[in-house]
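> Okay, so here is data.cif, and as you'll see once you scroll down, it has mmCIF, C-alpha atoms (C1' of nucleotides).
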```
data_upload
loop_
_atom_site.label_atom_id
_atom_site.label_comp_id
_atom_site.auth_asym_id
_atom_site.auth_seq_id
_atom_site.Cartn_x
_atom_site.Cartn_y
_atom_site.Cartn_z
CA MET F 170 -30.50 -71.35 7.24
CA ALA F 171 -27.22 -72.46 5.72
CA PRO F 172 -25.17 -74.96 7.74
CA GLU F 173 -22.04 -72.81 7.59
CA ALA F 174 -24.00 -70.01 9.21
CA LEU F 175 -24.29 -72.15 12.32
CA THR F 176 -20.59 -72.92 12.21
CA ARG F 177 -19.79 -69.27 11.91
CA GLY F 178 -22.15 -68.48 14.77
CA ALA F 179 -20.54 -71.12 16.94
CA ASP F 180 -17.08 -69.72 16.24
CA TRP F 181 -18.30 -66.25 17.08
CA LEU F 182 -19.54 -67.54 20.43
CA SER F 183 -16.47 -69.50 21.37
CA GLY F 184 -14.35 -66.51 20.48
CA ALA F 185 -16.10 -64.72 23.32
CA GLY F 186 -15.95 -67.64 25.70
CA LEU F 187 -19.68 -68.23 25.62
CA ARG F 188 -20.97 -71.75 25.91
CA PRO F 189 -22.38 -72.85 22.55
CA THR F 190 -25.81 -74.11 23.44
CA ARG F 191 -28.36 -74.97 20.78
CA GLN F 192 -30.25 -71.70 21.25
CA ARG F 193 -27.18 -69.52 21.26
CA VAL F 194 -25.72 -71.14 18.18
CA LEU F 195 -29.01 -70.65 16.37
CA LEU F 196 -29.36 -67.00 17.33
CA ALA F 197 -25.71 -66.34 16.58
CA GLY F 198 -26.14 -68.00 13.20
CA ILE F 199 -29.03 -65.69 12.39
CA LEU F 200 -27.08 -62.67 13.52
CA VAL F 201 -23.71 -63.23 11.90
CA GLY F 202 -24.19 -66.30 9.74
CA ASP F 203 -23.79 -64.45 6.47
CA GLY F 204 -21.20 -61.95 7.58
CA ALA F 205 -23.48 -58.96 7.16
CA ASP F 206 -24.06 -56.40 9.88
CA ARG F 207 -27.49 -56.47 11.46
CA HIS F 208 -29.64 -54.30 13.67
CA VAL F 209 -32.24 -56.41 15.38
CA THR F 210 -34.80 -56.12 18.11
CA ALA F 211 -35.43 -58.96 20.54
CA GLU F 212 -38.84 -59.40 18.99
CA TRP F 213 -37.45 -59.65 15.46
CA LEU F 214 -34.81 -62.18 16.47
CA HIS F 215 -37.39 -64.26 18.28
CA ASP F 216 -39.58 -64.34 15.18
CA ALA F 217 -36.62 -65.07 12.96
CA ALA F 218 -35.69 -68.07 15.08
CA GLY F 219 -39.27 -69.29 14.89
CA ARG F 220 -39.22 -68.96 11.10
CA VAL F 221 -36.14 -71.15 10.88
CA GLY F 222 -38.05 -73.84 12.70
CA ASP F 223 -36.36 -74.21 16.03
CA LYS F 224 -38.07 -72.17 18.63
CA VAL F 225 -36.44 -70.22 21.39
CA SER F 226 -38.38 -68.58 24.18
CA LEU F 227 -38.55 -64.83 24.13
CA ALA F 228 -37.00 -64.65 27.59
CA THR F 229 -34.03 -66.60 26.32
CA VAL F 230 -33.68 -64.27 23.38
CA TYR F 231 -33.49 -61.37 25.82
CA ASN F 232 -31.05 -63.17 28.10
CA THR F 233 -28.94 -64.19 25.15
CA LEU F 234 -28.81 -60.72 23.66
CA ARG F 235 -27.78 -59.40 27.04
CA ALA F 236 -25.07 -62.05 27.27
CA PHE F 237 -23.82 -61.16 23.78
CA SER F 238 -23.86 -57.51 24.70
CA ASP F 239 -21.97 -58.10 27.95
CA ALA F 240 -19.43 -60.14 26.06
CA GLY F 241 -18.94 -57.31 23.61
CA LEU F 242 -20.27 -59.26 20.63
CA VAL F 243 -23.06 -56.80 19.96
CA GLN F 244 -23.83 -53.26 20.91
CA GLU F 245 -27.12 -52.14 22.36
CA ILE F 246 -28.69 -49.02 20.92
CA THR F 247 -31.74 -47.17 22.13
CA VAL F 248 -33.23 -44.63 19.84
CA ASP F 249 -36.63 -43.87 21.22
CA GLY F 250 -37.82 -45.19 24.51
CA THR F 251 -39.71 -48.04 22.97
CA GLY F 252 -37.51 -51.07 22.47
CA SER F 253 -33.81 -51.37 21.85
CA TYR F 254 -31.75 -52.55 18.93
CA PHE F 255 -28.71 -54.77 18.98
CA ASP F 256 -26.04 -54.05 16.43
CA THR F 257 -23.59 -56.72 15.37
CA ARG F 258 -21.08 -54.06 14.43
CA THR F 259 -19.27 -53.04 17.57
CA GLU F 260 -17.08 -50.14 16.51
CA ASP F 261 -18.36 -46.67 17.32
CA HIS F 262 -20.28 -45.45 14.28
CA PRO F 263 -23.29 -43.30 13.48
CA HIS F 264 -26.74 -44.64 12.67
CA PHE F 265 -29.64 -43.72 10.51
CA TYR F 266 -33.02 -44.05 12.14
CA TRP F 267 -35.85 -44.30 9.63
CA GLU F 268 -38.82 -42.61 11.20
CA GLY F 269 -41.37 -44.20 8.89
CA SER F 270 -40.40 -47.81 9.41
CA ASN F 271 -38.74 -47.55 12.81
CA SER F 272 -35.67 -49.29 11.56
CA LEU F 273 -32.04 -48.66 12.18
CA THR F 274 -29.16 -48.88 9.71
CA ASP F 275 -25.50 -47.99 9.68
CA ALA F 276 -24.32 -44.70 8.36
CA SER F 277 -20.83 -44.81 7.00
CA ALA F 278 -18.37 -43.73 9.66
CA ASP F 279 -16.10 -41.90 7.17
CA GLU F 280 -18.87 -39.61 6.16
CA LEU F 281 -19.27 -38.28 9.66
CA GLN F 282 -16.52 -35.98 10.71
CA ILE F 283 -16.73 -34.31 14.02
CA ALA F 284 -14.36 -31.38 13.97
CA ARG F 285 -14.69 -30.43 17.57
CA LEU F 286 -16.27 -32.06 20.58
CA PRO F 287 -17.29 -30.32 23.79
CA SER F 288 -14.59 -30.91 26.37
CA PRO F 289 -15.71 -33.21 29.16
CA PRO F 290 -16.33 -31.64 32.57
CA GLU F 291 -13.73 -31.90 35.34
CA GLY F 292 -12.97 -35.43 36.41
CA MET F 293 -14.95 -37.01 33.61
CA GLU F 294 -13.98 -38.60 30.38
CA ILE F 295 -15.91 -39.35 27.24
CA ALA F 296 -16.98 -42.96 27.17
CA LYS F 297 -18.73 -42.88 23.85
CA VAL F 298 -20.48 -40.52 21.50
CA ASP F 299 -23.82 -41.71 20.22
CA VAL F 300 -24.91 -40.16 16.96
CA VAL F 301 -28.32 -40.96 15.54
CA ILE F 302 -29.35 -39.27 12.31
CA ARG F 303 -33.12 -39.25 12.13
CA LEU F 304 -34.47 -39.59 8.61
CA ARG F 305 -37.90 -38.72 7.37
CA PRO F 306 -39.39 -39.12 3.89
CA LYS F 307 -38.53 -36.04 1.87
CA ALA F 308 -41.52 -33.72 1.67
CA ASN F 309 -41.82 -33.36 -2.08
CA MET H 291 -41.86 -21.45 44.61
CA ALA H 292 -41.68 -17.76 43.72
CA PRO H 293 -44.93 -16.18 42.53
CA GLU H 294 -43.33 -14.78 39.39
CA ALA H 295 -42.33 -18.30 38.45
CA LEU H 296 -46.01 -19.15 38.11
CA THR H 297 -46.59 -16.06 36.03
CA ARG H 298 -43.74 -16.95 33.78
CA GLY H 299 -45.04 -20.49 33.48
CA ALA H 300 -48.50 -19.24 32.59
CA ASP H 301 -47.07 -17.01 29.87
CA TRP H 302 -45.07 -19.87 28.50
CA LEU H 303 -48.26 -21.92 28.27
CA SER H 304 -50.41 -19.29 26.68
CA GLY H 305 -47.68 -18.61 24.17
CA ALA H 306 -48.25 -22.16 22.95
CA GLY H 307 -52.03 -21.96 23.13
CA LEU H 308 -52.30 -24.38 26.00
CA ARG H 309 -55.05 -23.89 28.52
CA PRO H 310 -53.50 -22.71 31.81
CA THR H 311 -54.97 -25.12 34.30
CA ARG H 312 -53.75 -25.22 37.88
CA GLN H 313 -51.62 -28.31 37.26
CA ARG H 314 -50.10 -27.05 34.05
CA VAL H 315 -49.22 -23.68 35.49
CA LEU H 316 -47.55 -25.36 38.44
CA LEU H 317 -45.53 -27.76 36.31
CA ALA H 318 -44.63 -25.01 33.88
CA GLY H 319 -43.53 -22.84 36.80
CA ILE H 320 -41.21 -25.57 38.01
CA LEU H 321 -39.83 -26.09 34.53
CA VAL H 322 -39.22 -22.55 33.37
CA GLY H 323 -39.97 -20.38 36.40
CA ASP H 324 -36.40 -19.25 36.88
CA GLY H 325 -35.41 -19.05 33.24
CA ALA H 326 -32.88 -21.85 33.50
CA ASP H 327 -32.85 -24.83 31.17
CA ARG H 328 -33.88 -28.10 32.70
CA HIS H 329 -33.74 -31.80 31.91
CA VAL H 330 -36.38 -33.63 33.87
CA THR H 331 -37.95 -37.03 34.06
CA ALA H 332 -41.66 -37.48 34.69
CA GLU H 333 -40.83 -38.96 38.05
CA TRP H 334 -38.65 -36.01 39.05
CA LEU H 335 -41.25 -33.48 38.02
CA HIS H 336 -43.94 -35.35 39.90
CA ASP H 337 -41.84 -35.32 43.06
CA ALA H 338 -40.94 -31.67 42.57
CA ALA H 339 -44.61 -30.73 42.36
CA GLY H 340 -45.28 -32.68 45.53
CA ARG H 341 -42.44 -30.88 47.30
CA VAL H 342 -43.98 -27.54 46.41
CA GLY H 343 -47.14 -28.63 48.14
CA ASP H 344 -49.75 -28.98 45.46
CA LYS H 345 -49.96 -32.46 44.22
CA VAL H 346 -50.47 -33.57 40.67
CA SER H 347 -51.10 -37.14 39.72
CA LEU H 348 -48.31 -38.94 37.95
CA ALA H 349 -50.58 -39.66 34.99
CA THR H 350 -51.23 -35.97 34.61
CA VAL H 351 -47.52 -35.26 34.71
CA TYR H 352 -47.08 -37.67 31.84
CA ASN H 353 -50.00 -36.25 29.90
CA THR H 354 -48.78 -32.74 30.51
CA LEU H 355 -45.24 -33.44 29.44
CA ARG H 356 -46.60 -35.01 26.29
CA ALA H 357 -48.78 -31.97 25.67
CA PHE H 358 -45.79 -29.67 26.18
CA SER H 359 -43.74 -31.79 23.85
CA ASP H 360 -46.44 -31.83 21.17
CA ALA H 361 -46.71 -28.07 21.48
CA GLY H 362 -42.97 -27.74 20.96
CA LEU H 363 -42.34 -26.30 24.43
CA VAL H 364 -40.03 -29.10 25.44
CA GLN H 365 -38.06 -31.75 23.66
CA GLU H 366 -38.14 -35.42 24.55
CA ILE H 367 -34.84 -37.23 24.78
CA THR H 368 -34.23 -40.91 25.29
CA VAL H 369 -30.80 -41.98 26.20
CA ASP H 370 -31.13 -45.52 27.42
CA GLY H 371 -34.31 -47.48 27.18
CA THR H 372 -35.31 -46.78 30.75
CA GLY H 373 -37.21 -43.52 31.08
CA SER H 374 -37.07 -40.38 29.02
CA TYR H 375 -36.00 -36.85 29.72
CA PHE H 376 -37.73 -33.65 28.75
CA ASP H 377 -35.53 -30.72 27.89
CA THR H 378 -36.82 -27.17 28.14
CA ARG H 379 -34.31 -26.06 25.56
CA THR H 380 -35.75 -26.81 22.17
CA GLU H 381 -32.98 -25.98 19.73
CA ASP H 382 -30.96 -28.89 18.42
CA HIS H 383 -27.95 -29.29 20.68
CA PRO H 384 -25.74 -32.04 22.06
CA HIS H 385 -26.08 -33.55 25.52
CA PHE H 386 -23.86 -34.97 28.16
CA TYR H 387 -25.12 -38.13 29.78
CA TRP H 388 -23.51 -38.80 33.15
CA GLU H 389 -23.29 -42.54 33.51
CA GLY H 390 -22.80 -42.47 37.26
CA SER H 391 -25.82 -40.42 38.16
CA ASN H 392 -27.99 -41.07 35.12
CA SER H 393 -28.49 -37.40 34.57
CA LEU H 394 -28.55 -35.34 31.44
CA THR H 395 -27.10 -31.88 30.90
CA ASP H 396 -26.53 -29.61 27.95
CA ALA H 397 -23.26 -29.54 26.15
CA SER H 398 -22.51 -26.25 24.52
CA ALA H 399 -23.60 -26.30 20.91
CA ASP H 400 -20.65 -24.19 19.72
CA GLU H 401 -18.19 -26.71 20.96
CA LEU H 402 -19.59 -29.40 18.73
CA GLN H 403 -18.70 -28.94 15.13
CA ILE H 404 -19.74 -31.54 12.67
CA ALA H 405 -17.62 -31.09 9.58
CA ARG H 406 -19.36 -33.62 7.43
CA LEU H 407 -22.57 -35.58 7.78
CA PRO H 408 -23.44 -38.76 5.90
CA SER H 409 -25.70 -37.87 3.01
CA PRO H 410 -29.25 -39.06 3.52
CA PRO H 411 -30.42 -41.98 1.37
CA GLU H 412 -32.56 -41.37 -1.71
CA GLY H 413 -35.90 -39.77 -0.98
CA MET H 414 -35.08 -39.09 2.65
CA GLU H 415 -34.05 -36.01 4.46
CA ILE H 416 -32.40 -35.46 7.80
CA ALA H 417 -34.98 -34.57 10.41
CA LYS H 418 -32.61 -34.19 13.31
CA VAL H 419 -29.24 -35.33 14.53
CA ASP H 420 -29.16 -36.60 18.07
CA VAL H 421 -25.79 -36.42 19.74
CA VAL H 422 -25.31 -37.82 23.22
CA ILE H 423 -21.85 -37.70 24.76
CA ARG H 424 -21.62 -40.36 27.41
CA LEU H 425 -19.43 -39.41 30.34
CA ARG H 426 -17.86 -41.67 32.89
CA PRO H 427 -15.74 -40.78 35.90
CA LYS H 428 -12.12 -40.53 34.82
CA ALA H 429 -10.23 -43.64 35.79
CA ASN H 430 -7.41 -42.13 37.79
"C1'" DC A 280 -21.53 -84.73 38.29
"C1'" DT A 281 -21.89 -79.89 38.52
"C1'" DC A 282 -23.33 -75.58 36.81
"C1'" DC A 283 -24.77 -72.72 33.58
"C1'" DG A 284 -28.57 -72.12 30.37
"C1'" DT A 285 -33.45 -72.51 29.28
"C1'" DG A 286 -38.46 -72.05 29.50
"C1'" DC A 287 -42.40 -70.67 31.54
"C1'" DA A 288 -44.98 -67.63 34.21
"C1'" DA A 289 -45.00 -64.01 37.19
"C1'" DA A 290 -42.86 -59.63 38.43
"C1'" DT A 291 -41.28 -55.04 37.22
"C1'" DA A 292 -40.66 -50.32 35.25
"C1'" DG A 293 -42.22 -46.78 32.61
"C1'" DT A 294 -45.93 -44.99 30.32
"C1'" DT A 295 -50.66 -44.76 28.38
"C1'" DT A 296 -55.67 -45.09 28.54
"C1'" DG A 297 -60.81 -45.52 29.92
"C1'" DC A 298 -63.99 -43.24 32.30
"C1'" DA A 299 -66.41 -40.24 35.55
"C1'" DA A 300 -65.91 -35.90 37.85
"C1'" DC A 301 -64.22 -31.10 36.99
"C1'" DC A 302 -63.14 -26.64 35.37
"C1'" DA A 303 -61.59 -22.97 32.00
"C1'" DA A 304 -63.58 -20.43 28.18
"C1'" DT Y 162 -72.77 -24.94 28.28
"C1'" DT Y 163 -69.12 -27.56 26.35
"C1'" DG Y 164 -65.23 -29.65 25.30
"C1'" DG Y 165 -60.63 -29.96 27.15
"C1'" DT Y 166 -58.34 -31.70 31.64
"C1'" DT Y 167 -57.65 -34.41 35.75
"C1'" DG Y 168 -57.28 -38.44 38.77
"C1'" DC Y 169 -57.50 -42.99 39.71
"C1'" DA Y 170 -57.03 -47.60 38.50
"C1'" DA Y 171 -56.42 -50.73 35.15
"C1'" DA Y 172 -54.11 -51.77 30.75
"C1'" DC Y 173 -49.96 -52.09 28.14
"C1'" DT Y 174 -45.18 -52.77 26.30
"C1'" DA Y 175 -40.62 -53.97 26.83
"C1'" DT Y 176 -37.76 -56.39 29.70
"C1'" DT Y 177 -36.17 -59.04 33.78
"C1'" DT Y 178 -36.40 -62.61 37.25
"C1'" DG Y 179 -37.54 -66.93 40.21
"C1'" DC Y 180 -37.50 -71.49 39.94
"C1'" DA Y 181 -37.42 -76.29 38.32
"C1'" DC Y 182 -35.65 -78.93 34.59
"C1'" DG Y 183 -32.14 -80.00 31.11
"C1'" DG Y 184 -27.81 -80.12 28.75
"C1'" DA Y 185 -22.64 -78.86 28.13
"C1'" DG Y 186 -18.11 -79.59 29.92
#
```
Please lay out the structure from this file as structure tokens.

Amino acid sequence: MAPEALTRGADWLSGAGLRPTRQRVLLAGILVGDGADRHVTAEWLHDAAGRVGDKVSLATVYNTLRAFSDAGLVQEITVDGTGSYFDTRTEDHPHFYWEGSNSLTDASADELQIARLPSPPEGMEIAKVDVVIRLRPKAN
Amino acid sequence: MAPEALTRGADWLSGAGLRPTRQRVLLAGILVGDGADRHVTAEWLHDAAGRVGDKVSLATVYNTLRAFSDAGLVQEITVDGTGSYFDTRTEDHPHFYWEGSNSLTDASADELQIARLPSPPEGMEIAKVDVVIRLRPKAN
DNA sequence: CTCCGTGCAAATAGTTTGCAACCAA
DNA sequence: TTGGTTGCAAACTATTTGCACGGAG
């Protein structure tokens, strides 16, 4: 892992007022160290940390992802009941879910145009619209 | 529970080639006995069966809902990691998720118009588009 | 020095499964 | 008869929590 990735991770943390502990800086570095958007599971992030050498307990990975999510640094996404994904891109945007590999990627937000949305019931407002486009291998 | 509800449930089952056991007929009757669409959790359905008098084990409720879902009689929906809902309406349509009460209702399909959808990546096709509109109480 | 953060193990929630008894066809 | 179905308890997966120790401010 590149040293500037850790620096970038640390900046990302302090921007949200989170204390930059060793574990958090490492996980943050993995998540945003190269500037790319990522969709990770707790399990994947735990393994990734282990691969880099430093190890972080799985419970801490969960706690940390929750802290990041509460701080608005990542967005939690659930697609099927089993496991959730954390997305480093926090704007509202649609996702592709790849049924074969159970992975999640961004779909470009410009390509989704919702012309009309059901009006919210009395006394309610729309908090967020989750759009997941499920992909399957083309049957050819 | 009205007797014709059971009849209707039994018909619903046989239409899908599922063996009409006592438990299945009961659960089916609760689900579609009055012709209304329903969004239930396993837990809710289990309790509902108990309220009617006959009891069905929770494991059987799960197995049964899975069987219904495999047979295409209901649709499984996951909105947040915790628990899934089974919808008796099987066409593709958007849902409202009520954040206060953790319940799920239908949103009218005509009121959602998607003008443009991201094109699926090479070799993939769109299996389904899940749209969940999250509602929160209006902050007034 | 004082708390928040961490690690481990145990707890929890939701769901599935193994297996013997049962029942619809 | 025969294979699908049920119930119970135990297994499982994903996630959270209690508690003692450790490190950041």
> I want to know what sits within 12 Å of DC182 of chain Y, based on all atoms listed in the file, with residues of the same chain fewer than 5 positions away left out; could you give that as JSON, numbers by chain?
{"A": [284, 285, 286, 287]}
> Could you tell me how far atom CA of Pro384 of chain H sits from atom CA of Leu296 of chain H, in Å to one decimal place?
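Result for atom CA of Leu296 of chain H versus atom CA of Pro384 of chain H: 28.9 Å, one decimal.
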> Taking the file as I've supplied it (selection: the PyMOL selection byres ((chain H) within 8 of (chain Y))), which residues are included? Please answer as a list in words.
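Matching residues under the PyMOL selection byres ((chain H) within 8 of (chain Y)) are Thr311, Ser347, Ala349 and Thr350 of chain H.
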> Please write the residues from the selection above to a file, keeping C-alpha atoms, as a tab-separated table (two decimals), keeping the file's coordinate frame.

```tsv
chain	number	residue	atom	x	y	z
H	311	THR	CA	-54.97	-25.12	34.30
H	347	SER	CA	-51.10	-37.14	39.72
H	349	ALA	CA	-50.58	-39.66	34.99
H	350	THR	CA	-51.23	-35.97	34.61
```
> Tell me, in Å to one decimal, how far atom CA of Thr210 of chain F is from atom CA of His264 of chain F.
15.0 Å
> Quick one: pull the distance between atom CA of Arg285 of chain F and atom CA of Glu401 of chain H, Å, one decimal.
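Those two atoms sit 6.1 Å apart.
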> Extending 5 Å beyond the listed atoms of segment 273-287 of chain F on each side, what axis-aligned box results? I want centre and edge lengths in Å to one decimal, as AutoDock Vina command-line options.

```
--center_x -23.2 --center_y -39.6 --center_z 15.0 --size_x 27.7 --size_y 28.6 --size_z 27.6
```
> Residues of chain H that approach chain A to 12 Å or less, counting all atoms listed in the file: could you list each one with the shortest pair of atoms and its distance in Å to one decimal, rows by chain and increasing residue number, as CSV?

```
residue,atom,partner,partner_atom,distance
H:Leu308,CA,A:DA303,C1',11.1
H:Arg309,CA,A:DA303,C1',7.5
H:Pro310,CA,A:DA303,C1',8.1
H:Thr311,CA,A:DA303,C1',7.3
H:Arg312,CA,A:DC302,C1',9.8
H:Gln313,CA,A:DC302,C1',11.8
H:Thr331,CA,A:DG293,C1',10.7
H:Ala332,CA,A:DG293,C1',9.5
H:Glu333,CA,A:DG293,C1',9.6
H:Leu348,CA,A:DT294,C1',10.0
H:Ala349,CA,A:DT295,C1',8.3
H:Thr350,CA,A:DT295,C1',10.8
H:Val351,CA,A:DT294,C1',10.8
H:Tyr352,CA,A:DT294,C1',7.6
H:Asn353,CA,A:DT295,C1',8.7
H:Leu355,CA,A:DT294,C1',11.6
H:Arg356,CA,A:DT295,C1',10.8
H:Gly371,CA,A:DG293,C1',9.6
H:Thr372,CA,A:DG293,C1',7.2
H:Gly373,CA,A:DG293,C1',6.2
H:Ser374,CA,A:DG293,C1',9.0
```
> List the neighbours of Pro287 of chain F out to 7 Å using all atoms listed in the file; skip same-chain residues closer than 4 positions along the sequence, and give me the result as a PyMOL selection string.
chain H and resi 397-398+401-402
> For chain H versus chain F, which residues have an atom no more than 12 Å away, and what is each residue's nearest atom pair and distance in Å rounded to one decimal, using all atoms listed in the file, chain-then-number order, as CSV?

```
residue,atom,partner,partner_atom,distance
H:Glu366,CA,F:Asp249,CA,9.2
H:Ile367,CA,F:Asp249,CA,7.7
H:Thr368,CA,F:Asp249,CA,5.6
H:Val369,CA,F:Thr247,CA,6.7
H:Asp370,CA,F:Thr247,CA,5.6
H:Gly371,CA,F:Gly250,CA,5.0
H:Thr372,CA,F:Gly250,CA,6.9
H:Gly373,CA,F:Gly250,CA,6.8
H:Ser374,CA,F:Gly250,CA,6.6
H:Tyr375,CA,F:Gly250,CA,10.0
H:His383,CA,F:Pro287,CA,11.2
H:Pro384,CA,F:Pro287,CA,8.8
H:His385,CA,F:Pro287,CA,9.5
H:Phe386,CA,F:Pro289,CA,8.4
H:Tyr387,CA,F:Ile295,CA,9.6
H:Trp388,CA,F:Met293,CA,8.8
H:Glu389,CA,F:Ala296,CA,9.0
H:Gly390,CA,F:Met293,CA,10.2
H:Thr395,CA,F:Pro290,CA,10.9
H:Asp396,CA,F:Pro287,CA,10.2
H:Ala397,CA,F:Pro287,CA,6.5
H:Ser398,CA,F:Pro287,CA,6.7
H:Ala399,CA,F:Pro287,CA,8.0
H:Asp400,CA,F:Pro287,CA,8.1
H:Glu401,CA,F:Pro287,CA,4.7
H:Leu402,CA,F:Leu286,CA,4.6
H:Gln403,CA,F:Arg285,CA,4.9
H:Ile404,CA,F:Ile283,CA,4.3
H:Ala405,CA,F:Gln282,CA,5.1
H:Arg406,CA,F:Gln282,CA,4.9
H:Leu407,CA,F:Leu281,CA,4.7
H:Pro408,CA,F:Glu280,CA,4.7
H:Ser409,CA,F:Glu280,CA,7.7
H:Pro410,CA,F:Leu304,CA,7.3
H:Pro411,CA,F:Leu304,CA,8.6
H:Glu412,CA,F:Lys307,CA,8.8
H:Gly413,CA,F:Lys307,CA,5.4
H:Met414,CA,F:Pro306,CA,4.5
H:Glu415,CA,F:Lys307,CA,5.2
H:Ile416,CA,F:Leu304,CA,4.7
H:Ala417,CA,F:Arg303,CA,5.3
H:Lys418,CA,F:Arg303,CA,5.2
H:Val419,CA,F:Ile302,CA,4.5
H:Asp420,CA,F:Val301,CA,5.1
H:Val421,CA,F:Val300,CA,4.7
H:Val422,CA,F:Asp299,CA,5.1
H:Ile423,CA,F:Val298,CA,4.5
H:Arg424,CA,F:Lys297,CA,5.2
H:Leu425,CA,F:Ile295,CA,4.7
H:Arg426,CA,F:Met293,CA,5.5
H:Pro427,CA,F:Met293,CA,4.5
H:Lys428,CA,F:Met293,CA,4.7
H:Ala429,CA,F:Glu294,CA,8.3
H:Asn430,CA,F:Gly292,CA,8.8
```
> Identify, on the basis of all atoms listed in the file, every residue whose closest approach to Ile199 of chain F does not exceed 10 Å; exclude the query and any residue fewer than 4 positions from it along the same chain; express the result as an mmCIF file with C-alpha atoms, keeping the file's coordinate frame.

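Resulting contents of around_2.cif:
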```
data_model
loop_
_atom_site.group_PDB
_atom_site.id
_atom_site.type_symbol
_atom_site.label_atom_id
_atom_site.label_comp_id
_atom_site.auth_asym_id
_atom_site.auth_seq_id
_atom_site.Cartn_x
_atom_site.Cartn_y
_atom_site.Cartn_z
ATOM 1 C CA MET F 170 -30.500 -71.350 7.240
ATOM 2 C CA ALA F 171 -27.220 -72.460 5.720
ATOM 3 C CA ALA F 174 -24.000 -70.010 9.210
ATOM 4 C CA LEU F 175 -24.290 -72.150 12.320
ATOM 5 C CA ARG F 177 -19.790 -69.270 11.910
ATOM 6 C CA GLY F 178 -22.150 -68.480 14.770
ATOM 7 C CA ARG F 193 -27.180 -69.520 21.260
ATOM 8 C CA VAL F 194 -25.720 -71.140 18.180
ATOM 9 C CA LEU F 195 -29.010 -70.650 16.370
ATOM 10 C CA ASP F 203 -23.790 -64.450 6.470
ATOM 11 C CA GLY F 204 -21.200 -61.950 7.580
ATOM 12 C CA ARG F 207 -27.490 -56.470 11.460
ATOM 13 C CA LEU F 214 -34.810 -62.180 16.470
ATOM 14 C CA ALA F 217 -36.620 -65.070 12.960
ATOM 15 C CA ALA F 218 -35.690 -68.070 15.080
ATOM 16 C CA VAL F 221 -36.140 -71.150 10.880
#
```
